[in-house]
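Dumped target31.cif below, it's mmCIF, C-alpha atoms and all ligand atoms:
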```cif
data_target
#
loop_
_atom_site.label_atom_id
_atom_site.label_comp_id
_atom_site.auth_asym_id
_atom_site.auth_seq_id
_atom_site.Cartn_x
_atom_site.Cartn_y
_atom_site.Cartn_z
CA LEU A 1 4.33 1.10 -39.45
CA SER A 2 3.51 4.78 -39.60
CA VAL A 3 2.50 6.65 -36.48
CA PRO A 4 -1.11 7.80 -36.75
CA GLU A 5 -2.21 11.30 -35.94
CA ILE A 6 -3.29 11.49 -32.29
CA THR A 7 -7.06 11.78 -32.52
CA PRO A 8 -9.56 11.75 -29.63
CA ALA A 9 -10.37 8.18 -30.77
CA ILE A 10 -6.78 7.06 -30.11
CA ARG A 11 -6.81 8.74 -26.72
CA ASP A 12 -10.09 6.96 -25.96
CA LEU A 13 -8.71 3.61 -27.11
CA ILE A 14 -5.69 4.06 -24.83
CA ARG A 15 -7.68 5.15 -21.80
CA HIS A 16 -10.16 2.34 -22.33
CA GLN A 17 -7.35 -0.17 -21.70
CA PHE A 18 -6.69 1.15 -18.17
CA PRO A 19 -9.39 0.09 -15.68
CA ALA A 20 -8.16 2.55 -13.02
CA LEU A 21 -8.75 5.50 -15.33
CA LYS A 22 -12.49 4.88 -15.21
CA GLY A 23 -12.57 6.18 -11.64
CA ASP A 24 -12.56 9.75 -10.40
CA VAL A 25 -8.87 10.14 -9.64
CA ILE A 26 -6.78 12.17 -12.06
CA PHE A 27 -3.41 10.44 -11.96
CA LEU A 28 -0.69 13.03 -12.33
CA GLU A 29 1.86 11.31 -10.08
CA ASN A 30 2.97 8.85 -12.71
CA ALA A 31 6.68 9.37 -12.09
CA GLY A 32 5.93 7.78 -8.71
CA GLY A 33 4.16 4.86 -10.39
CA SER A 34 1.92 4.41 -13.41
CA GLN A 35 -1.38 2.57 -13.80
CA VAL A 36 -1.54 -0.76 -15.64
CA PRO A 37 -3.58 -1.73 -18.70
CA ARG A 38 -6.10 -4.54 -18.28
CA GLN A 39 -3.84 -6.90 -20.28
CA VAL A 40 -1.21 -6.65 -17.53
CA ALA A 41 -3.74 -7.11 -14.70
CA ASP A 42 -5.39 -10.01 -16.58
CA GLY A 43 -2.03 -11.69 -17.15
CA ILE A 44 -1.27 -11.62 -13.43
CA HIS A 45 -4.75 -12.80 -12.52
CA SER A 46 -4.80 -15.72 -14.91
CA TYR A 47 -1.31 -16.82 -13.86
CA LEU A 48 -2.26 -16.85 -10.19
CA THR A 49 -5.53 -18.64 -10.76
CA GLY A 50 -4.47 -21.04 -13.53
CA SER A 51 -0.78 -21.84 -13.41
CA TYR A 52 0.74 -20.88 -10.10
CA VAL A 53 3.45 -23.52 -9.86
CA GLN A 54 7.21 -23.43 -9.50
CA LEU A 55 9.65 -23.37 -12.38
CA GLY A 56 12.13 -25.96 -13.52
CA ALA A 57 10.29 -29.21 -12.77
CA THR A 58 9.62 -31.74 -15.51
CA TYR A 59 5.79 -31.73 -15.46
CA SER A 60 4.15 -29.78 -18.24
CA LEU A 61 2.59 -26.96 -16.21
CA SER A 62 5.96 -26.21 -14.64
CA GLN A 63 7.57 -26.22 -18.08
CA TYR A 64 4.89 -23.83 -19.32
CA CYS A 65 5.72 -21.42 -16.47
CA THR A 66 9.46 -21.72 -17.09
CA GLU A 67 8.88 -20.73 -20.70
CA LEU A 68 6.59 -17.87 -19.71
CA VAL A 69 9.24 -16.37 -17.43
CA ALA A 70 11.84 -16.75 -20.21
CA ARG A 71 9.48 -15.01 -22.65
CA ALA A 72 9.00 -12.12 -20.23
CA HIS A 73 12.79 -11.68 -20.15
CA GLN A 74 12.81 -11.82 -23.94
CA PHE A 75 10.15 -9.12 -24.17
CA ILE A 76 12.00 -6.79 -21.78
CA SER A 77 15.17 -7.40 -23.80
CA LEU A 78 13.26 -6.23 -26.86
CA LEU A 79 11.93 -3.19 -25.02
CA MET A 80 15.46 -2.28 -23.94
CA ASN A 81 17.00 -3.18 -27.33
CA SER A 82 19.64 -5.26 -25.71
CA ARG A 83 21.19 -7.59 -28.25
CA GLN A 84 24.69 -6.94 -26.90
CA GLY A 85 23.72 -7.96 -23.40
CA GLU A 86 21.44 -9.68 -20.96
CA VAL A 87 18.46 -8.50 -18.94
CA VAL A 88 18.03 -9.41 -15.29
CA LEU A 89 14.74 -8.84 -13.49
CA GLY A 90 14.33 -7.91 -9.84
CA SER A 91 12.00 -6.35 -7.33
CA SER A 92 13.00 -2.70 -7.77
CA THR A 93 15.63 -0.46 -9.29
CA THR A 94 16.95 0.29 -5.81
CA ALA A 95 17.42 -3.43 -5.09
CA LEU A 96 19.04 -4.13 -8.47
CA LEU A 97 21.52 -1.26 -8.16
CA GLN A 98 22.35 -2.28 -4.60
CA MET A 99 23.06 -5.81 -5.88
CA LEU A 100 25.20 -4.42 -8.70
CA ALA A 101 27.23 -2.24 -6.35
CA ASP A 102 27.72 -5.21 -4.00
CA CYS A 103 29.08 -7.19 -6.94
CA TYR A 104 31.49 -4.34 -7.77
CA ARG A 105 32.83 -4.49 -4.21
CA HIS A 106 34.89 -7.57 -5.20
CA ARG A 107 36.03 -6.06 -8.46
CA LEU A 108 37.37 -2.68 -7.21
CA SER A 109 40.88 -1.81 -6.08
CA PRO A 110 41.70 1.06 -3.72
CA GLY A 111 42.03 4.28 -5.72
CA ASP A 112 39.54 3.26 -8.39
CA GLU A 113 37.32 6.19 -9.20
CA ILE A 114 33.55 6.38 -9.46
CA ILE A 115 31.89 9.48 -10.90
CA LEU A 116 28.42 10.27 -9.60
CA ALA A 117 26.05 12.74 -11.24
CA GLU A 118 24.66 15.02 -8.54
CA SER A 119 21.32 15.12 -10.40
CA GLY A 120 20.73 11.43 -9.66
CA HIS A 121 18.05 9.64 -7.66
CA GLU A 122 19.56 8.21 -4.48
CA ALA A 123 19.01 4.66 -5.84
CA ASN A 124 21.92 5.27 -8.25
CA LEU A 125 24.04 7.20 -5.73
CA GLY A 126 23.77 5.58 -2.32
CA PRO A 127 25.02 2.09 -3.29
CA TRP A 128 28.07 3.62 -5.05
CA LYS A 129 28.82 6.10 -2.27
CA LYS A 130 29.12 3.16 0.13
CA LEU A 131 32.00 1.76 -1.93
CA ALA A 132 34.19 4.53 -0.51
CA ASP A 133 34.72 2.25 2.50
CA GLN A 134 36.34 -0.18 0.03
CA GLY A 135 38.86 2.49 -0.96
CA ALA A 136 36.96 3.73 -4.01
CA VAL A 137 37.33 7.45 -4.70
CA ILE A 138 33.95 9.12 -5.22
CA LYS A 139 34.04 12.11 -7.56
CA TRP A 140 30.95 14.30 -7.90
CA TRP A 141 29.77 15.49 -11.29
CA ARG A 142 28.21 18.69 -10.01
CA VAL A 143 24.98 20.31 -11.13
CA ASP A 144 25.38 23.65 -12.85
CA VAL A 145 22.75 25.82 -11.16
CA GLU A 146 22.26 28.02 -14.21
CA SER A 147 21.43 25.21 -16.65
CA GLN A 148 20.13 22.84 -13.93
CA SER A 149 22.09 20.00 -15.45
CA CYS A 150 25.42 18.20 -15.15
CA PRO A 151 27.46 19.67 -18.02
CA LEU A 152 29.37 17.34 -20.33
CA VAL A 153 32.42 19.64 -20.23
CA GLU A 154 32.54 19.05 -16.51
CA LEU A 155 32.49 15.28 -17.01
CA GLU A 156 35.46 15.61 -19.35
CA THR A 157 37.53 17.07 -16.50
CA LEU A 158 36.57 14.27 -14.09
CA LEU A 159 37.34 11.24 -16.26
CA THR A 160 40.78 9.67 -15.75
CA PRO A 161 42.32 6.27 -16.54
CA LYS A 162 41.35 5.31 -12.97
CA THR A 163 37.63 5.87 -13.60
CA VAL A 164 35.78 2.57 -13.32
CA LEU A 165 32.19 3.78 -13.43
CA VAL A 166 30.09 6.81 -14.28
CA ALA A 167 26.62 6.71 -12.67
CA LEU A 168 23.96 9.10 -13.94
CA PRO A 169 20.25 9.48 -14.54
CA HIS A 170 19.23 9.31 -18.21
CA THR A 171 16.35 11.55 -17.19
CA SER A 172 16.07 13.13 -13.75
CA ASN A 173 12.83 12.21 -11.99
CA LEU A 174 12.69 15.79 -10.74
CA LEU A 175 13.91 17.78 -13.75
CA GLY A 176 12.37 15.79 -16.61
CA ASP A 177 15.39 16.51 -18.87
CA ILE A 178 16.88 14.03 -21.35
CA VAL A 179 20.65 13.58 -21.10
CA ASP A 180 22.74 12.79 -24.17
CA LEU A 181 23.54 9.29 -22.98
CA LYS A 182 25.30 8.19 -26.15
CA THR A 183 27.86 10.97 -25.80
CA VAL A 184 28.37 10.21 -22.10
CA CYS A 185 29.09 6.57 -23.03
CA GLN A 186 31.53 7.59 -25.78
CA MET A 187 33.38 9.85 -23.33
CA ALA A 188 33.51 7.22 -20.58
CA HIS A 189 34.62 4.48 -22.95
CA GLN A 190 37.62 6.56 -24.03
CA VAL A 191 39.09 5.90 -20.58
CA SER A 192 37.61 2.35 -20.46
CA ALA A 193 35.11 3.33 -17.77
CA LYS A 194 31.65 1.81 -17.72
CA VAL A 195 28.40 3.76 -17.57
CA VAL A 196 25.52 2.84 -15.29
CA ALA A 197 22.46 4.80 -16.35
CA ASP A 198 19.22 5.10 -14.40
CA GLY A 199 16.46 4.98 -17.01
CA VAL A 200 13.55 4.98 -14.56
CA ALA A 201 12.32 8.46 -15.45
CA PHE A 202 13.03 8.03 -19.17
CA ALA A 203 11.46 4.64 -19.91
CA PRO A 204 7.78 5.59 -19.48
CA HIS A 205 8.16 8.21 -22.22
CA ARG A 206 10.65 7.15 -24.92
CA ALA A 207 11.87 3.89 -26.43
CA MET A 208 14.95 2.52 -24.71
CA ASP A 209 17.90 1.66 -26.95
CA CYS A 210 20.72 0.12 -24.92
CA ASP A 211 22.51 -1.12 -28.06
CA GLY A 212 22.24 2.25 -29.79
CA TRP A 213 23.52 4.20 -26.80
CA ASP A 214 26.24 1.61 -26.24
CA VAL A 215 25.55 1.84 -22.52
CA ASP A 216 27.10 -0.75 -20.19
CA TRP A 217 24.42 -0.90 -17.50
CA TYR A 218 20.86 0.42 -17.74
CA VAL A 219 18.12 0.00 -15.20
CA TYR A 220 14.43 0.90 -14.99
CA SER A 221 11.34 0.18 -12.90
CA LEU A 222 8.60 -1.73 -14.68
CA TYR A 223 5.91 -0.41 -12.35
CA LYS A 224 6.43 3.08 -13.75
CA VAL A 225 6.09 1.79 -17.31
CA TYR A 226 2.60 0.32 -17.08
CA GLY A 227 3.79 -2.97 -15.60
CA PRO A 228 3.92 -4.89 -12.32
CA HIS A 229 6.06 -3.87 -9.34
CA MET A 230 9.36 -5.15 -10.73
CA ALA A 231 12.50 -3.70 -12.29
CA ALA A 232 14.98 -4.64 -15.01
CA LEU A 233 18.75 -4.34 -15.24
CA TYR A 234 20.47 -4.54 -18.60
CA GLY A 235 24.17 -5.24 -18.69
CA LYS A 236 26.53 -5.79 -21.60
CA ARG A 237 27.91 -9.31 -21.65
CA ASP A 238 31.47 -8.10 -21.00
CA ALA A 239 30.24 -6.01 -18.05
CA PHE A 240 28.52 -9.03 -16.47
CA ALA A 241 31.59 -11.17 -17.17
CA GLU A 242 33.74 -9.00 -14.87
CA LEU A 243 31.47 -9.70 -11.90
CA GLN A 244 30.50 -12.67 -9.85
CA GLY A 245 26.74 -13.14 -9.59
CA PRO A 246 25.30 -13.54 -6.09
CA ASN A 247 23.25 -16.72 -6.73
CA HIS A 248 24.24 -20.17 -5.37
CA PHE A 249 27.65 -21.71 -6.12
CA PHE A 250 26.19 -24.49 -8.28
CA VAL A 251 24.48 -22.01 -10.65
CA PRO A 252 27.05 -21.73 -13.45
CA GLU A 253 28.50 -18.32 -14.33
CA SER A 254 27.45 -19.08 -17.92
CA ASP A 255 23.81 -18.80 -16.78
CA THR A 256 24.22 -15.04 -16.38
CA VAL A 257 20.60 -14.17 -15.84
CA TYR A 258 19.91 -16.69 -13.08
CA LYS A 259 23.30 -15.99 -11.49
CA PHE A 260 22.12 -12.39 -10.96
CA GLU A 261 18.55 -13.28 -9.94
CA PRO A 262 19.06 -14.88 -6.53
CA GLY A 263 15.81 -16.43 -5.37
CA GLY A 264 14.29 -16.05 -8.84
CA VAL A 265 11.80 -13.42 -9.95
CA CYS A 266 8.12 -12.69 -9.43
CA HIS A 267 6.49 -15.24 -11.73
CA GLU A 268 3.03 -13.70 -11.84
CA GLY A 269 4.76 -10.37 -12.53
CA CYS A 270 6.32 -11.99 -15.59
CA ALA A 271 2.84 -12.93 -16.80
CA GLY A 272 1.90 -9.27 -16.31
CA ILE A 273 4.93 -8.17 -18.31
CA LEU A 274 3.67 -10.17 -21.28
CA GLY A 275 0.37 -8.28 -21.01
CA LEU A 276 2.32 -5.16 -21.91
CA ASN A 277 3.19 -6.76 -25.24
CA GLU A 278 -0.55 -7.23 -25.84
CA TYR A 279 -1.27 -3.65 -24.79
CA MET A 280 1.27 -2.25 -27.23
CA ALA A 281 -0.15 -4.45 -30.00
CA GLU A 282 -3.61 -3.10 -29.18
CA ILE A 283 -2.63 0.55 -29.52
CA LEU A 284 -0.91 -0.28 -32.80
CA SER A 285 -4.06 -2.13 -33.95
CA LEU A 286 -1.96 -5.25 -34.51
CA GLU A 287 -3.25 -8.76 -34.07
CA THR A 288 -0.36 -10.64 -32.56
CA GLU A 289 0.13 -13.80 -30.61
CA THR A 290 3.89 -13.36 -30.75
CA LEU A 291 6.25 -10.82 -29.29
CA LEU A 292 6.31 -7.49 -31.08
CA ASP A 293 9.31 -6.68 -33.21
CA ARG A 294 11.60 -3.78 -32.43
CA GLN A 295 10.03 -1.51 -35.03
CA SER A 296 6.57 -2.00 -33.53
CA ILE A 297 7.88 -1.22 -30.07
CA GLU A 298 9.37 2.01 -31.37
CA SER A 299 6.09 2.88 -33.08
CA ALA A 300 4.14 2.25 -29.87
CA TYR A 301 6.50 4.61 -28.05
CA GLN A 302 6.12 7.19 -30.81
CA ILE A 303 2.36 7.12 -30.27
CA MET A 304 2.85 7.47 -26.52
CA ALA A 305 5.25 10.41 -26.93
CA ALA A 306 2.91 12.08 -29.43
CA CYS A 307 0.02 11.74 -26.96
CA GLU A 308 2.07 13.20 -24.13
CA GLN A 309 3.72 16.13 -25.89
CA PRO A 310 0.76 18.54 -26.36
CA VAL A 311 -0.55 17.77 -22.88
CA GLN A 312 2.80 18.48 -21.23
CA GLN A 313 3.15 21.66 -23.29
CA LYS A 314 -0.22 22.90 -22.08
CA LEU A 315 0.87 22.60 -18.46
CA LEU A 316 4.33 24.04 -19.11
CA ASP A 317 2.86 27.08 -20.92
CA TYR A 318 0.45 27.66 -18.04
CA LEU A 319 3.20 27.47 -15.42
CA ALA A 320 5.57 29.63 -17.48
CA SER A 321 2.91 32.34 -17.71
CA ASN A 322 2.82 32.75 -13.91
CA PRO A 323 5.65 35.05 -12.73
CA LEU A 324 5.41 33.58 -9.20
CA VAL A 325 6.26 30.11 -10.48
CA ARG A 326 9.78 28.86 -11.23
CA ILE A 327 9.95 25.70 -13.29
CA ILE A 328 12.74 23.45 -11.99
CA GLY A 329 14.10 21.67 -15.05
CA PRO A 330 14.20 22.48 -18.75
CA ALA A 331 12.26 25.62 -19.73
CA ALA A 332 8.78 25.42 -21.20
CA THR A 333 10.24 26.02 -24.65
CA GLU A 334 12.72 23.12 -24.41
CA LYS A 335 11.58 20.26 -26.64
CA SER A 336 13.95 17.66 -25.26
CA ARG A 337 12.12 16.83 -22.08
CA VAL A 338 9.44 14.51 -20.75
CA GLY A 339 6.18 15.28 -18.95
CA THR A 340 7.73 15.20 -15.48
CA ILE A 341 7.26 18.83 -14.51
CA SER A 342 8.49 20.32 -11.23
CA PHE A 343 8.21 23.84 -9.92
CA VAL A 344 8.51 26.03 -6.86
CA HIS A 345 6.42 29.05 -5.97
CA GLU A 346 7.64 32.41 -4.71
CA LYS A 347 4.94 32.85 -2.09
CA LEU A 348 3.70 29.34 -1.30
CA GLY A 349 5.57 26.26 -0.10
CA SER A 350 5.41 23.06 -2.14
CA ARG A 351 3.74 21.21 0.71
CA GLU A 352 1.20 24.01 1.06
CA ILE A 353 0.29 23.85 -2.63
CA VAL A 354 -0.03 20.08 -2.70
CA SER A 355 -2.17 20.01 0.44
CA MET A 356 -4.64 22.26 -1.40
CA VAL A 357 -4.54 20.10 -4.52
CA ASP A 358 -5.15 17.03 -2.32
CA GLN A 359 -8.63 18.38 -1.67
CA SER A 360 -9.47 17.87 -5.36
CA SER A 361 -9.50 14.66 -7.43
CA VAL A 362 -6.00 15.38 -8.76
CA ALA A 363 -3.08 13.29 -7.46
CA ILE A 364 0.30 15.03 -7.48
CA ARG A 365 3.23 15.14 -5.05
CA TYR A 366 5.77 17.39 -3.37
CA GLY A 367 9.20 16.77 -1.86
CA HIS A 368 12.77 15.96 -2.85
CA MET A 369 11.75 12.90 -4.87
CA TYR A 370 14.82 11.08 -3.49
CA ALA A 371 16.95 13.49 -5.55
CA TYR A 372 18.19 14.92 -2.27
CA HIS A 373 21.62 16.03 -3.50
CA LEU A 374 20.03 17.72 -6.51
CA CYS A 375 17.67 19.74 -4.30
CA GLU A 376 20.58 20.83 -2.14
CA ALA A 377 22.64 21.79 -5.19
CA LEU A 378 19.77 23.92 -6.48
CA GLY A 379 19.42 25.66 -3.11
CA LEU A 380 16.02 24.11 -2.38
CA ASP A 381 14.99 22.90 1.06
CA PRO A 382 14.84 19.14 0.37
CA GLU A 383 12.01 18.59 2.85
CA ASP A 384 9.71 20.99 1.01
CA GLY A 385 11.38 20.27 -2.34
CA VAL A 386 9.27 20.91 -5.41
CA VAL A 387 5.69 20.43 -6.56
CA ARG A 388 5.86 17.66 -9.15
CA THR A 389 3.19 16.95 -11.74
CA SER A 390 4.13 13.96 -13.83
CA LEU A 391 2.08 12.88 -16.76
CA VAL A 392 2.27 10.07 -19.25
CA HIS A 393 0.59 9.16 -22.53
CA TYR A 394 -2.82 8.35 -21.02
CA ASN A 395 -3.30 11.80 -19.49
CA THR A 396 -5.54 14.14 -21.44
CA PRO A 397 -5.75 17.88 -22.13
CA ALA A 398 -9.01 17.90 -20.10
CA GLU A 399 -7.18 16.55 -17.05
CA ILE A 400 -4.63 19.33 -17.30
CA GLU A 401 -7.47 21.85 -17.59
CA THR A 402 -8.87 20.51 -14.31
CA LEU A 403 -5.47 20.80 -12.66
CA ILE A 404 -5.10 24.37 -13.93
CA GLU A 405 -8.48 25.21 -12.46
CA VAL A 406 -7.39 23.72 -9.13
CA PHE A 407 -4.15 25.75 -9.17
CA ASP A 408 -6.07 28.90 -10.14
CA ASN A 409 -8.32 28.48 -7.10
CA ILE A 410 -5.44 28.31 -4.62
CA PRO A 411 -5.25 31.70 -2.85
CA ARG A 412 -2.13 33.68 -3.82
CA PHE A 413 -1.12 31.11 -6.49
CA LYS A 414 -1.52 33.63 -9.32
C1 LIG B 1 14.82 8.18 -11.39
C2 LIG B 1 14.53 7.10 -10.40
N1 LIG B 1 15.47 6.20 -10.13
C3 LIG B 1 15.27 5.20 -9.26
C4 LIG B 1 14.07 5.06 -8.60
C5 LIG B 1 13.89 3.92 -7.65
O1 LIG B 1 13.08 2.96 -8.24
P1 LIG B 1 12.51 1.74 -7.39
O2 LIG B 1 11.30 2.23 -6.67
O3 LIG B 1 12.16 0.70 -8.44
O4 LIG B 1 13.56 1.28 -6.49
C6 LIG B 1 13.05 5.97 -8.84
C7 LIG B 1 11.77 5.86 -8.13
O5 LIG B 1 11.04 6.81 -7.98
C8 LIG B 1 13.28 7.02 -9.77
O6 LIG B 1 12.33 7.93 -10.05
#
```
If you convert what's in this file into structure tokens, what do you get?
Amino acid sequence: LSVPEITPAIRDLIRHQFPALKGDVIFLENAGGSQVPRQVADGIHSYLTGSYVQLGATYSLSQYCTELVARAHQFISLLMNSRQGEVVLGSSTTALLQMLADCYRHRLSPGDEIILAESGHEANLGPWKKLADQGAVIKWWRVDVESQSCPLVELETLLTPKTVLVALPHTSNLLGDIVDLKTVCQMAHQVSAKVVADGVAFAPHRAMDCDGWDVDWYVYSLYKVYGPHMAALYGKRDAFAELQGPNHFFVPESDTVYKFEPGGVCHEGCAGILGLNEYMAEILSLETETLLDRQSIESAYQIMAACEQPVQQKLLDYLASNPLVRIIGPAATEKSRVGTISFVHEKLGSREIVSMVDQSSVAIRYGHMYAYHLCEALGLDPEDGVVRTSLVHYNTPAEIETLIEVFDNIPRFK
């Protein structure tokens, strides 16, 4: 499959799939949560109205639902490229990482070291920080204020044979950078440490590749990637094997997925997940009743990234041209970034700016974005934080033009 040139017709086709985009709101708070295509909403609706029964019984409707939930897992495994491991679904990234950290509680010995990237979202910091009461030694991988990133040379100095885990964001939900995850994994594996990467801010923009990165744990929120309010945790088989899953005693350890899904998953959400397969097929103009193959998934992501890139550049160029604005995250000229764009203003507070934007049809956000430690490291007041505009593939140049007009009309913005 070759990736077509991004024409207005492709943008129209994409937008046409999202019922919410027909309204007046301009959604530029997608890092908070994305909209869903009709295929996802329809999947949930038809499940609830046509096959809302429990799994695992012998009657045929129950068997149909059991298979549907298994297929949803299979599809997310494809999305994450996870042949070396298993994918567990849950209600949120926060909940899945909390469960994972609870499982590590039994596996750690006093003195074991955990390295935490200061740039992380609290979901991938808080649960690990709490393990200090178990005797774990928490070592911070500090943000370099100049480059606004956690430097790899710094990580090198922190890794020791006692390191058990390195927790980091693949992309910061405030900075919008893309970390070289493969290299982080290679470095950690040299001391037999495992890497737990938060892919929440990466997954809406680029194809995940857990096998390729050789990452041990990878987690993302489906509701930010055009899906229902759920999340997925990938783990390598050997990483799961070291832990005891929290589900009931009679669920065998060999049933890894169910062992780590206590109480099961949202079944109608799984039907929605399968709608995402249909959506991707639609934008690739493929007729498919089956799950997409890996190459098609990558092509769908290439289309999404190609849609997003010029739109994000337009906003970055505009912000970079205003001397009162400081972009927090990779510079406007940096190609390796996603459309999650944060900034602060020399004369106006973030809250002040967003309260003015709230009077228009544009939805954006201000604050610390739960990257509290990062804000502190960068010398920002976490309560006022940054103004964040986060776009994805369905946003258009025209929407950015409207936002620019709104910014231009804020007194003292320029
Ligand atoms: C980078 C990042 N990690 C983790 C989370 C937490 O995700 P969830 O809401 O699924 O718990 C978020 C949510 O905004 C996020 O942006």
Which residue gives the smallest distance to ligand LIG 1 (chain B) among A:Ser109, A:Gln54, A:Asn173, A:Ser46, with only C-alpha atoms and all ligand atoms counted?
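Of A:Ser109, A:Gln54, A:Asn173, A:Ser46, the one nearest ligand LIG 1 (chain B) is A:Asn173, counting only C-alpha atoms and all ligand atoms.
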Residues at most 8 Å from A:Pro204, counting all atoms listed in the file, excluding those fewer than 3 positions away in the same chain, as a list in words?
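So, after excluding close chain neighbours, the residues are Val200, Ala201, Lys224, Val225, Tyr226 and Val392 of chain A.
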Find the residues near ligand LIG 1 (chain B). Use a cut-off of 10 Å, count all atoms listed in the file, and write them as a PDB file with C-alpha atoms, keeping the file's coordinate frame.
```pdb
ATOM      1  CA  ASN A  30       2.970   8.850 -12.710  1.00  0.00           C
ATOM      2  CA  ALA A  31       6.680   9.370 -12.090  1.00  0.00           C
ATOM      3  CA  GLY A  32       5.930   7.780  -8.710  1.00  0.00           C
ATOM      4  CA  GLY A  33       4.160   4.860 -10.390  1.00  0.00           C
ATOM      5  CA  GLY A  90      14.330  -7.910  -9.840  1.00  0.00           C
ATOM      6  CA  SER A  91      12.000  -6.350  -7.330  1.00  0.00           C
ATOM      7  CA  SER A  92      13.000  -2.700  -7.770  1.00  0.00           C
ATOM      8  CA  THR A  93      15.630  -0.460  -9.290  1.00  0.00           C
ATOM      9  CA  THR A  94      16.950   0.290  -5.810  1.00  0.00           C
ATOM     10  CA  ALA A  95      17.420  -3.430  -5.090  1.00  0.00           C
ATOM     11  CA  LEU A  96      19.040  -4.130  -8.470  1.00  0.00           C
ATOM     12  CA  LEU A  97      21.520  -1.260  -8.160  1.00  0.00           C
ATOM     13  CA  GLN A  98      22.350  -2.280  -4.600  1.00  0.00           C
ATOM     14  CA  SER A 119      21.320  15.120 -10.400  1.00  0.00           C
ATOM     15  CA  GLY A 120      20.730  11.430  -9.660  1.00  0.00           C
ATOM     16  CA  HIS A 121      18.050   9.640  -7.660  1.00  0.00           C
ATOM     17  CA  GLU A 122      19.560   8.210  -4.480  1.00  0.00           C
ATOM     18  CA  ALA A 123      19.010   4.660  -5.840  1.00  0.00           C
ATOM     19  CA  ASN A 124      21.920   5.270  -8.250  1.00  0.00           C
ATOM     20  CA  LEU A 125      24.040   7.200  -5.730  1.00  0.00           C
ATOM     21  CA  LEU A 168      23.960   9.100 -13.940  1.00  0.00           C
ATOM     22  CA  PRO A 169      20.250   9.480 -14.540  1.00  0.00           C
ATOM     23  CA  HIS A 170      19.230   9.310 -18.210  1.00  0.00           C
ATOM     24  CA  THR A 171      16.350  11.550 -17.190  1.00  0.00           C
ATOM     25  CA  SER A 172      16.070  13.130 -13.750  1.00  0.00           C
ATOM     26  CA  ASN A 173      12.830  12.210 -11.990  1.00  0.00           C
ATOM     27  CA  LEU A 174      12.690  15.790 -10.740  1.00  0.00           C
ATOM     28  CA  LEU A 175      13.910  17.780 -13.750  1.00  0.00           C
ATOM     29  CA  GLY A 176      12.370  15.790 -16.610  1.00  0.00           C
ATOM     30  CA  ALA A 197      22.460   4.800 -16.350  1.00  0.00           C
ATOM     31  CA  ASP A 198      19.220   5.100 -14.400  1.00  0.00           C
ATOM     32  CA  GLY A 199      16.460   4.980 -17.010  1.00  0.00           C
ATOM     33  CA  VAL A 200      13.550   4.980 -14.560  1.00  0.00           C
ATOM     34  CA  ALA A 201      12.320   8.460 -15.450  1.00  0.00           C
ATOM     35  CA  PHE A 202      13.030   8.030 -19.170  1.00  0.00           C
ATOM     36  CA  ALA A 203      11.460   4.640 -19.910  1.00  0.00           C
ATOM     37  CA  VAL A 219      18.120   0.000 -15.200  1.00  0.00           C
ATOM     38  CA  TYR A 220      14.430   0.900 -14.990  1.00  0.00           C
ATOM     39  CA  SER A 221      11.340   0.180 -12.900  1.00  0.00           C
ATOM     40  CA  LEU A 222       8.600  -1.730 -14.680  1.00  0.00           C
ATOM     41  CA  TYR A 223       5.910  -0.410 -12.350  1.00  0.00           C
ATOM     42  CA  LYS A 224       6.430   3.080 -13.750  1.00  0.00           C
ATOM     43  CA  HIS A 229       6.060  -3.870  -9.340  1.00  0.00           C
ATOM     44  CA  MET A 230       9.360  -5.150 -10.730  1.00  0.00           C
ATOM     45  CA  ALA A 231      12.500  -3.700 -12.290  1.00  0.00           C
ATOM     46  CA  ALA A 232      14.980  -4.640 -15.010  1.00  0.00           C
ATOM     47  CA  MET A 369      11.750  12.900  -4.870  1.00  0.00           C
ATOM     48  CA  TYR A 370      14.820  11.080  -3.490  1.00  0.00           C
ATOM     49  CA  ALA A 371      16.950  13.490  -5.550  1.00  0.00           C
TER      50      ALA A 371
END
```
Tell me which protein, DNA and RNA residues are within 10 Å of stretch 242-255 of chain A, counting all atoms listed in the file, leaving out same-chain ones fewer than 3 positions away, and put them as a PyMOL selection string.
chain A and resi 99-100+102-107+237-239+258-264
Would you mind reading off the distance between atom CA of A:Gly212 and atom CA of A:Lys182, one decimal, in Å?
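Result for atom CA of A:Gly212 versus atom CA of A:Lys182: 7.6 Å, one decimal.
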Counting all atoms listed in the file, write as an MDAnalysis selection string all protein and nucleic acid residues lying at most 10 Å from (29.3, 2.3, -6.7) in the file's frame.
chainID A and resid 97:98 100:105 108 113:116 124:132 136:138 164:167 196
Of the candidates A:Ile297, A:Val257, A:Ile404, A:Val69, which one gets nearest to A:Met208 if we count all atoms listed in the file?
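That would be A:Ile297, the residue with the smallest distance to A:Met208.
The two atoms in question, atom CA of A:Asp408 and atom CA of A:Gly329, are spaced 22.0 Å apart.
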Taken to one decimal, the atom CA of A:Leu391-atom CA of A:Glu282 distance is 21.0 Å
Any idea what's packed within 10 Å of A:Arg71, counting all atoms listed in the file, ignoring anything in its chain fewer than 2 positions away? Could you give it as a compact mmCIF listing (two decimals) with C-alpha atoms, keeping the file's coordinate frame?
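The resulting file, around01.txt, is reproduced below:
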```txt
# COMPACT_ATOMS: atom_id res chain seq x y z
CA CYS A 65 5.72 -21.42 -16.47
CA THR A 66 9.46 -21.72 -17.09
CA GLU A 67 8.88 -20.73 -20.70
CA LEU A 68 6.59 -17.87 -19.71
CA VAL A 69 9.24 -16.37 -17.43
CA HIS A 73 12.79 -11.68 -20.15
CA GLN A 74 12.81 -11.82 -23.94
CA PHE A 75 10.15 -9.12 -24.17
CA ILE A 76 12.00 -6.79 -21.78
CA SER A 77 15.17 -7.40 -23.80
CA CYS A 270 6.32 -11.99 -15.59
CA ALA A 271 2.84 -12.93 -16.80
CA ILE A 273 4.93 -8.17 -18.31
CA LEU A 274 3.67 -10.17 -21.28
CA THR A 290 3.89 -13.36 -30.75
CA LEU A 291 6.25 -10.82 -29.29
```
